[in-house]
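One structure below.
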Amino acid sequence: MDNTASQPIVVLVHGLWMNGSEMQLLGLRLRNLGYQTLFFRYRSVHAHVTQSSHELWLFLQRHFGSDMRHAPEGQVHLVCHSLGGMVALDMLHRHPEARIGRMVALGTPFRGNVAAKKIAQWSWGRMALGRSLHRALDGSGFTHVPTGREIGILAGDRSLLGAGRSLWGIGEANDGNVAVSETYLEGAKAHRTLPVIHMGLVFSEQALAMVHRFLQTGHFE
């Protein structure tokens with residue numbers, strides 16, 4: 001008998017300028033907690049979020065069949081870092097038929113990103129950000145949870161410079177790249193702030209425990 005058939009599945013979605021390698025430790029820890037893991041990779045700079053969200057939908061279909069008909073009900077979850085949360089949110093809006101259980105976003109600037117807008121003032125910055133600005137980091141994407149979805153959000157409030165400062169001059173509580181206020185999403189079921197930097201949300205054991213709890217119960221407590 002295949003014991004993995006009853007295991008919940010987590011699809012991990014990386015952030016801007018990443019390729020998913022940085023999510024491997026989180027994936028390993030989730031497997032140790034009894035999850036199966038899949039890693040979705042996309043072109044964070046060279047593709048619009050809407051295109052990446054479509055590719056995420058195709059990725060899910062390849063693994064679970066057309067319209068995800070072979071996905072176990074409520075047992076396929078999404079755990080996303082930074083820009084990956086916008087990719088996943090866009091997919092959920094466009095595909096209400098997707099059989100997704102719960103989603104946790106780690107440091108996702110759903111309300112746009114001041115740091116990205118400041119970088120985009122420079123030609124090198126626009127090149128570095130590429131198409132991630134459109135309907136995503138510029139704040140023009142979806143800003144609310146699709147009907148019937150359960151989304152939990154974890155934000156960080158420690159920057160490398162400390163005291164609410166960052167290299168980008170954010171000037172309020174932030175994780176070095178994303179302000180806490182930018183991570184709020186209308187209709188989210190839970191939101192918590194942890195004392196970690198942006199990448200720390202992927203590596204933090206406290207964040208791991210809260211991700212696990214939310215996927216299991218729909219709450220961080």
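Note on naming: chains are A, B, ... as they come in the structure tokens, residues start from 1 per chain, ligands start from 1 in the order shown.
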
Nearby residues (only C-alpha atoms) at most 9 Å from Ile151 of chain A, same-chain spacing under 6 positions excluded, as a PyMOL selection string: chain A and resi 102-105+145+185+187-191+214+218

Take the selection from the previous step and output its residues with N, CA and C atoms, as an mmCIF file, in the first residue's frame.
```cif
data_model
loop_
_atom_site.group_PDB
_atom_site.id
_atom_site.type_symbol
_atom_site.label_atom_id
_atom_site.label_comp_id
_atom_site.auth_asym_id
_atom_site.auth_seq_id
_atom_site.Cartn_x
_atom_site.Cartn_y
_atom_site.Cartn_z
ATOM 1 N N ARG A 102 -5.041 25.087 1.545
ATOM 2 C CA ARG A 102 -4.693 26.371 2.150
ATOM 3 C C ARG A 102 -3.415 26.916 1.533
ATOM 4 N N MET A 103 -3.178 28.186 1.763
ATOM 5 C CA MET A 103 -1.981 28.850 1.240
ATOM 6 C C MET A 103 -1.353 29.688 2.334
ATOM 7 N N VAL A 104 -0.027 29.638 2.417
ATOM 8 C CA VAL A 104 0.722 30.519 3.313
ATOM 9 C C VAL A 104 1.679 31.347 2.469
ATOM 10 N N ALA A 105 1.643 32.663 2.665
ATOM 11 C CA ALA A 105 2.539 33.583 1.965
ATOM 12 C C ALA A 105 3.578 34.102 2.951
ATOM 13 N N VAL A 145 -8.431 38.288 -1.038
ATOM 14 C CA VAL A 145 -8.456 36.827 -1.104
ATOM 15 C C VAL A 145 -9.662 36.377 -1.928
ATOM 16 N N LEU A 185 -3.404 41.578 3.261
ATOM 17 C CA LEU A 185 -4.269 41.196 2.144
ATOM 18 C C LEU A 185 -5.697 41.112 2.654
ATOM 19 N N GLY A 187 -9.146 40.004 3.489
ATOM 20 C CA GLY A 187 -9.774 38.695 3.520
ATOM 21 C C GLY A 187 -8.871 37.579 3.968
ATOM 22 N N ALA A 188 -7.592 37.882 4.266
ATOM 23 C CA ALA A 188 -6.687 36.839 4.767
ATOM 24 C C ALA A 188 -7.186 36.332 6.108
ATOM 25 N N LYS A 189 -7.014 35.052 6.340
ATOM 26 C CA LYS A 189 -7.543 34.460 7.567
ATOM 27 C C LYS A 189 -6.664 34.760 8.768
ATOM 28 N N ALA A 190 -5.364 34.921 8.539
ATOM 29 C CA ALA A 190 -4.456 35.186 9.654
ATOM 30 C C ALA A 190 -3.229 35.922 9.145
ATOM 31 N N HIS A 191 -2.660 36.768 10.017
ATOM 32 C CA HIS A 191 -1.445 37.511 9.698
ATOM 33 C C HIS A 191 -0.596 37.586 10.957
ATOM 34 N N PHE A 214 -0.796 26.312 10.334
ATOM 35 C CA PHE A 214 -1.849 26.891 9.495
ATOM 36 C C PHE A 214 -2.349 25.881 8.466
ATOM 37 N N GLY A 218 -5.712 26.013 9.785
ATOM 38 C CA GLY A 218 -6.222 27.291 9.305
ATOM 39 C C GLY A 218 -5.968 28.436 10.263
#
```

Pull the strand (DSSP E or B) assignments for segment 59-91 of chain A out of DSSP run on the backbone, and list those residues as a list in words. Val76, His77, Leu78, Val79, Cys80 and His81 of chain A

How would the residues just picked look written out with C-alpha atoms as an mmCIF file, in the first residue's frame?
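And here's part_2.cif as it stands now:
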```cif
data_model
loop_
_atom_site.group_PDB
_atom_site.id
_atom_site.type_symbol
_atom_site.label_atom_id
_atom_site.label_comp_id
_atom_site.auth_asym_id
_atom_site.auth_seq_id
_atom_site.Cartn_x
_atom_site.Cartn_y
_atom_site.Cartn_z
ATOM 1 C CA VAL A 76 -2.821 20.240 -1.892
ATOM 2 C CA HIS A 77 -1.444 23.398 -0.280
ATOM 3 C CA LEU A 78 0.667 26.336 -1.449
ATOM 4 C CA VAL A 79 3.599 27.810 0.470
ATOM 5 C CA CYS A 80 5.025 30.842 -1.276
ATOM 6 C CA HIS A 81 7.855 33.276 -0.653
#
```

With a cut-off of 12 Å, could you pull out the residues of segment 172-213 of chain A touching segment 118-142 of chain A and give me the nearest pair of atoms for each, distance in Å to one decimal, using only C-alpha atoms, ordered by chain and ascending number, as CSV?
```
residue,atom,partner,partner_atom,distance
A:Asn177,CA,A:Ile119,CA,11.2
A:Val178,CA,A:Leu137,CA,10.3
A:Glu182,CA,A:Gly139,CA,9.1
A:Thr183,CA,A:Gly139,CA,11.0
A:Tyr184,CA,A:Phe142,CA,11.8
A:Leu185,CA,A:Phe142,CA,9.0
A:Glu186,CA,A:Phe142,CA,9.7
A:Gly187,CA,A:Phe142,CA,11.7
```

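Take the candidates A:Leu33, A:Val10, A:Leu106, A:Met68 and check each one against Gly85 of chain A using only C-alpha atoms; the shortest distance goes to A:Leu106.
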
Write out as a PDB file with C-alpha atoms, in the first residue's frame each polymer residue whose atoms come within 12 Å of Leu92 of chain A, counting only C-alpha atoms; drop sequence neighbours fewer than 2 positions from it.
```pdb
ATOM      1  CA  THR A  50      -0.063  36.641 -14.986  1.00  0.00           C
ATOM      2  CA  SER A  53       0.351  32.137 -12.658  1.00  0.00           C
ATOM      3  CA  HIS A  54      -0.843  30.416 -15.834  1.00  0.00           C
ATOM      4  CA  LEU A  56       1.567  27.385 -12.180  1.00  0.00           C
ATOM      5  CA  TRP A  57      -1.906  26.230 -13.231  1.00  0.00           C
ATOM      6  CA  LEU A  60      -0.750  21.651 -11.182  1.00  0.00           C
ATOM      7  CA  HIS A  77      -1.444  23.398  -0.280  1.00  0.00           C
ATOM      8  CA  LEU A  78       0.667  26.336  -1.449  1.00  0.00           C
ATOM      9  CA  GLY A  85       2.682  34.658  -3.237  1.00  0.00           C
ATOM     10  CA  MET A  86       1.447  37.013  -5.946  1.00  0.00           C
ATOM     11  CA  VAL A  87       1.874  34.334  -8.594  1.00  0.00           C
ATOM     12  CA  ALA A  88      -0.187  31.917  -6.496  1.00  0.00           C
ATOM     13  CA  LEU A  89      -2.832  34.516  -5.604  1.00  0.00           C
ATOM     14  CA  ASP A  90      -3.272  35.426  -9.267  1.00  0.00           C
ATOM     15  CA  ARG A  94      -8.169  33.033 -12.299  1.00  0.00           C
ATOM     16  CA  HIS A  95      -8.920  29.405 -11.468  1.00  0.00           C
ATOM     17  CA  PRO A  96     -11.570  29.108  -8.730  1.00  0.00           C
ATOM     18  CA  GLU A  97     -11.884  25.445  -9.723  1.00  0.00           C
ATOM     19  CA  ALA A  98      -8.360  24.708  -8.481  1.00  0.00           C
ATOM     20  CA  ARG A  99      -8.565  22.110  -5.696  1.00  0.00           C
ATOM     21  CA  ILE A 100      -6.230  23.899  -3.314  1.00  0.00           C
ATOM     22  CA  GLY A 101      -6.499  23.487   0.442  1.00  0.00           C
ATOM     23  CA  ARG A 102      -4.693  26.371   2.150  1.00  0.00           C
ATOM     24  CA  MET A 103      -1.981  28.850   1.240  1.00  0.00           C
ATOM     25  CA  PHE A 142      -5.086  41.465  -6.820  1.00  0.00           C
ATOM     26  CA  HIS A 144      -7.985  40.520  -1.764  1.00  0.00           C
ATOM     27  CA  VAL A 145      -8.456  36.827  -1.104  1.00  0.00           C
ATOM     28  CA  PRO A 146     -10.633  34.917  -3.589  1.00  0.00           C
ATOM     29  CA  THR A 147     -13.961  33.750  -2.193  1.00  0.00           C
ATOM     30  CA  GLY A 148     -13.681  30.556  -0.193  1.00  0.00           C
ATOM     31  CA  ARG A 149      -9.887  30.520   0.087  1.00  0.00           C
ATOM     32  CA  GLU A 150      -7.913  30.322   3.323  1.00  0.00           C
ATOM     33  CA  ILE A 151      -4.682  32.295   3.206  1.00  0.00           C
TER      34      ILE A 151
END
```

Counting only C-alpha atoms, which of A:His46, A:Gly34, A:His198, A:Gly152 gets nearest to Glu221 of chain A? A:Gly152

Non-local contacts of Val11 of chain A (6 Å; only C-alpha atoms; under 6 positions in same chain excluded) as number ranges by chain: A: 37-39, 78

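Proximity ranking of A:Leu28, A:Val196, A:Met91, A:Ala47 relative to Phe59 of chain A places A:Met91 first, based on only C-alpha atoms.
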